[in-house]
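> Here it is, the structure, as structure tokens.
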Amino acid sequence: MSNNDETRREDLNYPNSDYDGNGGGKGPLLKRILIWVAGVSLLLFVAGTALFFYYASSAPKVSYNELASQNTTTIYDANDKVISRLGAQKRDYAKADQIPDNLKHAVVAIEDRRFYKHHGVDIRRILGAATNNIIGRSDGMQGGSTLTQQLVKLSVFSTAASDRTFKRKAQEAWLAINVERHFSKNQILTFYINKVYMGNGVYGMKTAAQYYFGKNLNDLDLSQLALLAGMPQSPTYYNPLASNTKYATERRNEVLNAMVRSNYITKSQAQSAAQDSVTDGLDPNHGDVESSDTNVKEKIVDPYVKEVMTQLSALGYDPNRDGLQVHTNMDLGAQKHLYNAANNEVAFQGNNMQAGVAVTNPHNGQVVAMLGGRHTGNVIYGLDRAVQENRSSGSAAKPLMDYGPAIEYLQWPTFKTVSDTKFYWPGTDKVLHDFDNKYKGNMTMRSALVESRNVPAIRTLQEVGISRATDFLKGLGISQKKPYNLQNGIGLYISPLKMSAAYAAFANGGTYYKPYYIDSITTQDGKTRNFSPSGKRAMSKATAYMMTDMLKGVFTNSQSTGTAAHMSGVNQAGKTGTTNFPGSNQSGVMDSWMAGYTKNYSVAVWTGFDHPFNNGAINSAYERTAVLLYKSIMQYLDNENHASDWKMPDTVEAVRVNGKRQLVIKDSKWALMYGAWTDDDESSASSESKNSESSNSISESRTVESILNSSSKTEESSASSSSAPASSSAPANTTQPNNNH
């Protein structure tokens with residue numbers, strides 16, 4: 001080996017060499033990486049800037065009127081009549097010289113301490129807020145938005161979660177910069193102070209001064225001004241009228257401390273103001289704040305507006321801040337009639353007896369009208385009994401859980417024999433009774449439903465099975481966390497709204513529509529969001545028609561409990577329901593229901609006491625109050641929009657059984673055994689009594705039916721076994737009444 005070779009080998013092993021084995025050194029590689037990172041960063045910056053200006057170019061315009069106006073969410077009925085303005089109080093606009101310096105200083109200190117230094121967007125503030133979010137520290141700044149950006153958002157955009165996009169943020173920043181170019185800081189601050197939501201339907205701090213303290217802004221002390229300045233972040237949370245004022249106090253003190261940090265007040269002034277209670281000086285009469293006239297009394301539309309507010313919030317909007325135009329599905333005439341009927345027309349067992357009512361459109365699920373309660377006083381957004389699910393429906397559950405599924409899954413005809421004989425809840429010695437404590441033996445399904453017999457309903461549910469009954473209920477928008485059991489066949493815990501929507505599926509031929517209140521929402525930037533119905537088939541047309549045909553008898557059969565709601569010329573079907581006190585011999589009922597429908601409307605009514613174990617039972621004189629309230633609203637509705645009778649689908653056949661018109665599913669085993677119902681039969685029937693058949697008038701069909709039953713024994717045994725363990729026994733602690741009707 002030559003010396004030159006050794007030298008080259010030593011060079012290769014030199015410990016401080018930058019040689020990387022690829023013809024280059026570490027220095028050049030690092031340099032290339034840095035250049036690449038810088039290039040990518042520059043490219044991203046250029047792309048981000050280009051995207052920012054692209055989005056900014058499509059930003060909506062913002063005018064003086066939009067900045068100076070006070071946000072109002074306006075709610076309309078289905079005919080574009082204003083029914084409510086959120087924040088209906090009279091609004092006092094504070095001119096710049098009417099705003100105390102301490103209030104301006106308080107707002108700037110807590111919301112945007114660099115307000116007088118930036119030009120609409122504060123990069124330093126954005127970076128500081130981001131850092132604070134990362135390390136979890138808060139120093140009083142409310143995120144990265146400046147006061148100007150907040151003003152733009154309140155004036156032009158909504159606060160919906162769907163609007164929290166880079167595009168919207170870019171437009172918001174661009175508009176903030178432009179606002180700062182055209183308006184002074186003092187004007188911007190004045191706009192903001194007059195626009196913010198202050199809780200309890202109040203907008204603007206001058207109006208809030210009257211509402212909370214009954215004074216003008218200039219008459220408030222430092223503590224009160226600091227309280228008002230801190231409220232916009234969360235008006236409900238920091239409300240001095242709340243039962244717990246801890247959070248209002250903490251927020252007020254936070255504002256005072258921020259004013260000290262910004263050198264607007266001294267520490268001793270802040271400490272002195274912090275000694276005052278936030279409840280000092282509150283005016284229970286709310287000063288001279290008055291209601292704006294919408295020509296509609298808030299009490300009449302209150303439950304409906306409450307549910308609209310709930311739906312808006314669920315969609316991500318803030319109805320108190322966003323200045324929305326909300327068009328609803330309310331029929332104001334029906335809403336007024338319903339309110340008047342419940343409060344003035346129909347007799348109730350005293351003012352404490354309550355009601356919850358929901359009216360829906362079977363064609364699309366629109367909520368037409370709603371009653372949340374009676375004699376509610378001046379409560380705003382109070383308890384809405386139309387959507388409460390804590391009361392049992394009684395026998396109004398039978399079409400939904402028992403007989404509807406029997407037709408749908410077992411193809412039962414309306415004359416199917418059912419047994420009304422002594423019945424023990426499976427696995428117990430408890431006997432199921434009816435309201436009359438009697439048994440009627442064998443009867444048709446039609447008679448059992450119309451006369452509201454309990455035992456046949458439960459025996460029907462046993463044959464259907466809990467599993468299939470549960471599926472049927474789900475198709476109608478009804479569910480619960482716990483598994484259903486046999487007792488639910490004569491009592492579901494359900495709201496009037498869900499009851500109305502479920503019965504609507506019978507009315508329209510078997511399609512379920514989820515009920516909804518809002519037709520469209522228009523935000524301040526002029527964008528409109530429309531809502532359209534989305535139906536889902538819940539049952540066959542045959543099931544819907546056959547159930548409707550039977551439920552017509554509830555209004556015409558003398559053995560039924562719904563005859564008080566009969567109206568000549570009104571094509572309607574429905575079911576009553578009552579519940580007794582569990583485990584008690586107390587007379588009277590705990591709940592009374594009426595659910596009924598035409599082709600155009602579905603109405604569900606609940607009546608009872610909020611606290612039945614304290615207020616007592618509904619006595620016999622008022623058990624039909626629900627029926628009479630139903631009749632009043634349905635008569636009004638049908639007069640406004642008369643419904644024709646239902647047309648039998650081609651999947652159903654009318655047959656003659658014991659001289660009576662009955663229905664079967666076409667081509668089913670039952671259809672083969674009887675002759676068709678003819679026009680001559682119809683003429684003969686019309687000259688006779690309109691009452692339904694006697695419950696004992698099935699002797700002719702019994703022989704044929706027994707043959708059919710024996711041939712399908714395996715099928716029906718299977719149906720019964722599908723009820724699963726939950727249906728094999730009654731609950732250990734019975735809370736469901738057992739003599740509903």
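Simple scheme: letters A, B, ... for chains in structure tokens order, numbers from 1 for residues in each chain, numbers from 1 for ligands in the order shown.
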Which segment 68-98 of chain A residues have any atom within 12 Å of an atom of segment 361-371 of chain A, and for each, what is the nearest pair of atoms with distance in Å to one decimal, counting only C-alpha atoms, rows sorted by chain and number, as a Markdown table?

```
| residue | atom | partner | partner_atom | distance |
| --- | --- | --- | --- | --- |
| A:Asp77 | CA | A:Val368 | CA | 9.4 |
| A:Ala78 | CA | A:Val368 | CA | 8.7 |
| A:Asn79 | CA | A:Val368 | CA | 11.7 |
```
> Counting only C-alpha atoms, what is within 9 Å of Ile407 of chain A, bar same-chain residues fewer than 4 positions away, as a list of chain:residue names?
A:Tyr403, A:Gln411, A:Trp412, A:Pro413, A:Thr414, A:Ala542, A:Thr543, A:Met546, A:Met547, A:Ile665
> Among segment 260-411 of chain A, which residues carry a DSSP assignment of alpha helix (DSSP H), reported as an MDAnalysis selection string?
chainID A and resid 260:261 267:274 298:314 332:340 398 404:410
> Generate a file of the selected residues that holds N, CA and C atoms, formatted as a CSV table (one decimal), in the first residue's frame.

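Okay, again-v3.csv is ready:
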```
chain,number,residue,atom,x,y,z
A,260,VAL,N,-58.5,48.9,36.1
A,260,VAL,CA,-57.3,49.3,36.8
A,260,VAL,C,-56.0,49.0,36.0
A,261,ARG,N,-56.0,47.9,35.3
A,261,ARG,CA,-54.8,47.5,34.5
A,261,ARG,C,-54.6,48.5,33.4
A,267,LYS,N,-56.9,51.6,41.9
A,267,LYS,CA,-57.1,50.3,42.6
A,267,LYS,C,-58.1,50.5,43.8
A,268,SER,N,-58.0,51.7,44.5
A,268,SER,CA,-58.9,51.9,45.6
A,268,SER,C,-60.3,52.2,45.1
A,269,GLN,N,-60.5,52.8,43.9
A,269,GLN,CA,-61.8,53.0,43.3
A,269,GLN,C,-62.4,51.6,43.0
A,270,ALA,N,-61.6,50.7,42.4
A,270,ALA,CA,-62.1,49.4,42.1
A,270,ALA,C,-62.5,48.6,43.3
A,271,GLN,N,-61.7,48.7,44.4
A,271,GLN,CA,-62.0,48.0,45.6
A,271,GLN,C,-63.3,48.5,46.3
A,272,SER,N,-63.5,49.8,46.2
A,272,SER,CA,-64.7,50.4,46.8
A,272,SER,C,-65.9,50.0,46.0
A,273,ALA,N,-65.9,50.0,44.6
A,273,ALA,CA,-67.0,49.6,43.8
A,273,ALA,C,-67.3,48.1,44.0
A,274,ALA,N,-66.3,47.3,44.3
A,274,ALA,CA,-66.4,45.9,44.4
A,274,ALA,C,-67.2,45.5,45.7
A,298,GLU,N,-98.2,38.2,23.5
A,298,GLU,CA,-97.1,37.3,23.6
A,298,GLU,C,-97.6,36.0,24.3
A,299,LYS,N,-98.5,36.1,25.2
A,299,LYS,CA,-99.0,34.9,25.9
A,299,LYS,C,-99.6,33.9,24.9
A,300,ILE,N,-100.3,34.4,23.9
A,300,ILE,CA,-100.9,33.5,22.9
A,300,ILE,C,-99.9,32.6,22.2
A,301,VAL,N,-98.8,33.2,21.8
A,301,VAL,CA,-97.8,32.5,20.9
A,301,VAL,C,-96.6,32.0,21.7
A,302,ASP,N,-96.6,32.2,23.0
A,302,ASP,CA,-95.4,31.9,23.8
A,302,ASP,C,-94.9,30.5,23.6
A,303,PRO,N,-95.7,29.5,23.8
A,303,PRO,CA,-95.2,28.1,23.7
A,303,PRO,C,-94.6,27.8,22.3
A,304,TYR,N,-95.2,28.4,21.3
A,304,TYR,CA,-94.7,28.1,19.9
A,304,TYR,C,-93.4,28.9,19.7
A,305,VAL,N,-93.3,30.1,20.2
A,305,VAL,CA,-92.1,30.9,20.0
A,305,VAL,C,-91.0,30.2,20.8
A,306,LYS,N,-91.3,29.7,22.0
A,306,LYS,CA,-90.3,29.0,22.8
A,306,LYS,C,-89.7,27.9,22.1
A,307,GLU,N,-90.5,27.1,21.4
A,307,GLU,CA,-89.9,25.9,20.6
A,307,GLU,C,-89.2,26.4,19.4
A,308,VAL,N,-89.6,27.5,18.8
A,308,VAL,CA,-88.8,28.1,17.7
A,308,VAL,C,-87.4,28.5,18.2
A,309,MET,N,-87.4,29.1,19.4
A,309,MET,CA,-86.1,29.6,19.9
A,309,MET,C,-85.2,28.3,20.2
A,310,THR,N,-85.8,27.3,20.7
A,310,THR,CA,-85.0,26.0,20.9
A,310,THR,C,-84.5,25.5,19.7
A,311,GLN,N,-85.3,25.5,18.6
A,311,GLN,CA,-84.8,24.9,17.3
A,311,GLN,C,-83.7,25.8,16.7
A,312,LEU,N,-83.9,27.1,16.8
A,312,LEU,CA,-82.8,28.0,16.3
A,312,LEU,C,-81.5,27.7,17.0
A,313,SER,N,-81.6,27.6,18.4
A,313,SER,CA,-80.3,27.3,19.1
A,313,SER,C,-79.7,26.0,18.7
A,314,ALA,N,-80.6,25.0,18.5
A,314,ALA,CA,-80.1,23.7,18.1
A,314,ALA,C,-79.4,23.7,16.7
A,332,LEU,N,-101.8,31.5,12.7
A,332,LEU,CA,-102.1,32.4,13.8
A,332,LEU,C,-103.6,32.3,14.2
A,333,GLY,N,-104.5,32.1,13.2
A,333,GLY,CA,-105.9,32.0,13.6
A,333,GLY,C,-106.2,30.8,14.4
A,334,ALA,N,-105.5,29.7,14.1
A,334,ALA,CA,-105.7,28.5,14.8
A,334,ALA,C,-105.1,28.6,16.2
A,335,GLN,N,-103.9,29.3,16.3
A,335,GLN,CA,-103.3,29.5,17.6
A,335,GLN,C,-104.1,30.3,18.5
A,336,LYS,N,-104.7,31.4,18.0
A,336,LYS,CA,-105.6,32.2,18.8
A,336,LYS,C,-106.8,31.5,19.2
A,337,HIS,N,-107.4,30.7,18.3
A,337,HIS,CA,-108.6,30.0,18.7
A,337,HIS,C,-108.3,28.9,19.8
A,338,LEU,N,-107.2,28.2,19.7
A,338,LEU,CA,-106.8,27.2,20.6
A,338,LEU,C,-106.6,27.9,22.0
A,339,TYR,N,-105.9,29.0,22.0
A,339,TYR,CA,-105.7,29.7,23.3
A,339,TYR,C,-107.0,30.1,23.9
A,340,ASN,N,-107.9,30.7,23.2
A,340,ASN,CA,-109.2,31.2,23.7
A,340,ASN,C,-110.0,30.0,24.2
A,398,LYS,N,-103.2,2.4,22.1
A,398,LYS,CA,-103.6,1.2,21.4
A,398,LYS,C,-103.5,1.1,19.9
A,404,GLY,N,-102.3,-1.3,15.3
A,404,GLY,CA,-101.6,-0.9,14.1
A,404,GLY,C,-100.6,-2.0,13.7
A,405,PRO,N,-99.7,-2.4,14.6
A,405,PRO,CA,-98.7,-3.5,14.3
A,405,PRO,C,-99.4,-4.8,14.0
A,406,ALA,N,-100.6,-5.1,14.6
A,406,ALA,CA,-101.3,-6.3,14.3
A,406,ALA,C,-101.7,-6.4,12.8
A,407,ILE,N,-102.2,-5.2,12.3
A,407,ILE,CA,-102.6,-5.2,10.9
A,407,ILE,C,-101.3,-5.2,10.0
A,408,GLU,N,-100.3,-4.5,10.4
A,408,GLU,CA,-99.1,-4.3,9.6
A,408,GLU,C,-98.3,-5.6,9.5
A,409,TYR,N,-98.1,-6.3,10.6
A,409,TYR,CA,-97.3,-7.5,10.6
A,409,TYR,C,-98.0,-8.8,10.6
A,410,LEU,N,-99.3,-8.9,11.1
A,410,LEU,CA,-100.0,-10.1,11.1
A,410,LEU,C,-101.2,-10.1,10.1
```
> Any idea what's packed within 10 Å of Gly509 of chain A, counting only C-alpha atoms, ignoring anything in its chain fewer than 5 positions away? Could you give it as a list in words?
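In the requested form, the answer reads Pro362, His363, Ala504, Arg537, Ala538, Met539, Ser540, Lys541, Ala542, Thr543, Ala544, Tyr545, Met546, Thr548, Lys599, Trp646, Lys647, Met648 and Pro649 of chain A.
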> Point out the residue among A:Arg661, A:Lys474, A:Lys536, A:Lys481 with the least atom-to-atom distance to Asn508 of chain A, counting only C-alpha atoms.
A:Lys536
> Closest to Ala342 of chain A among A:Lys631, A:Arg85, A:His433, A:Lys246, using only C-alpha atoms?
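Comparing A:Lys631, A:Arg85, A:His433, A:Lys246 against Ala342 of chain A, the winner is A:Lys631.
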> Hey, which of A:Ala68, A:Val179, A:Ala621, A:Ala564 ends up closest to Gly350 of chain A? Count only C-alpha atoms.
A:Ala621
> Using only C-alpha atoms, which of A:Met567, A:Ala341, A:Ala347, A:Met499 sits nearest Gly394 of chain A?
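Comparing A:Met567, A:Ala341, A:Ala347, A:Met499 against Gly394 of chain A, the winner is A:Met499.
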> For each of A:Asp549, A:Glu389, A:Asp645, A:Asp471, take the minimum atom-to-atom distance to Leu497 of chain A, counting only C-alpha atoms, then give the residue where this is smallest.
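Of the candidates, the smallest distance to Leu497 of chain A is held by A:Glu389.
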> Using only C-alpha atoms, can you tell me which of A:Tyr212, A:Trp593, A:Trp425, A:Tyr630 comes closest to Gly577 of chain A?
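Nearest to Gly577 of chain A: A:Trp593.
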> So which residues of segment 350-582 of chain A fall under strand (DSSP E or B) by DSSP, listed as a count of residues only?
48
> Can you measure atom CA of Asn614 of chain A to atom CA of Phe348 of chain A for me? One decimal in Å is fine.
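Going from atom CA of Asn614 of chain A over to atom CA of Phe348 of chain A, I get 17.4 Å.
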> Please provide the set of residues having any atom within 6 Å of segment 440-445 of chain A, restricted to only C-alpha atoms, with same-chain residues fewer than 6 positions apart removed, written as an NGL selection string.
:A and (414-421 or 695-696)
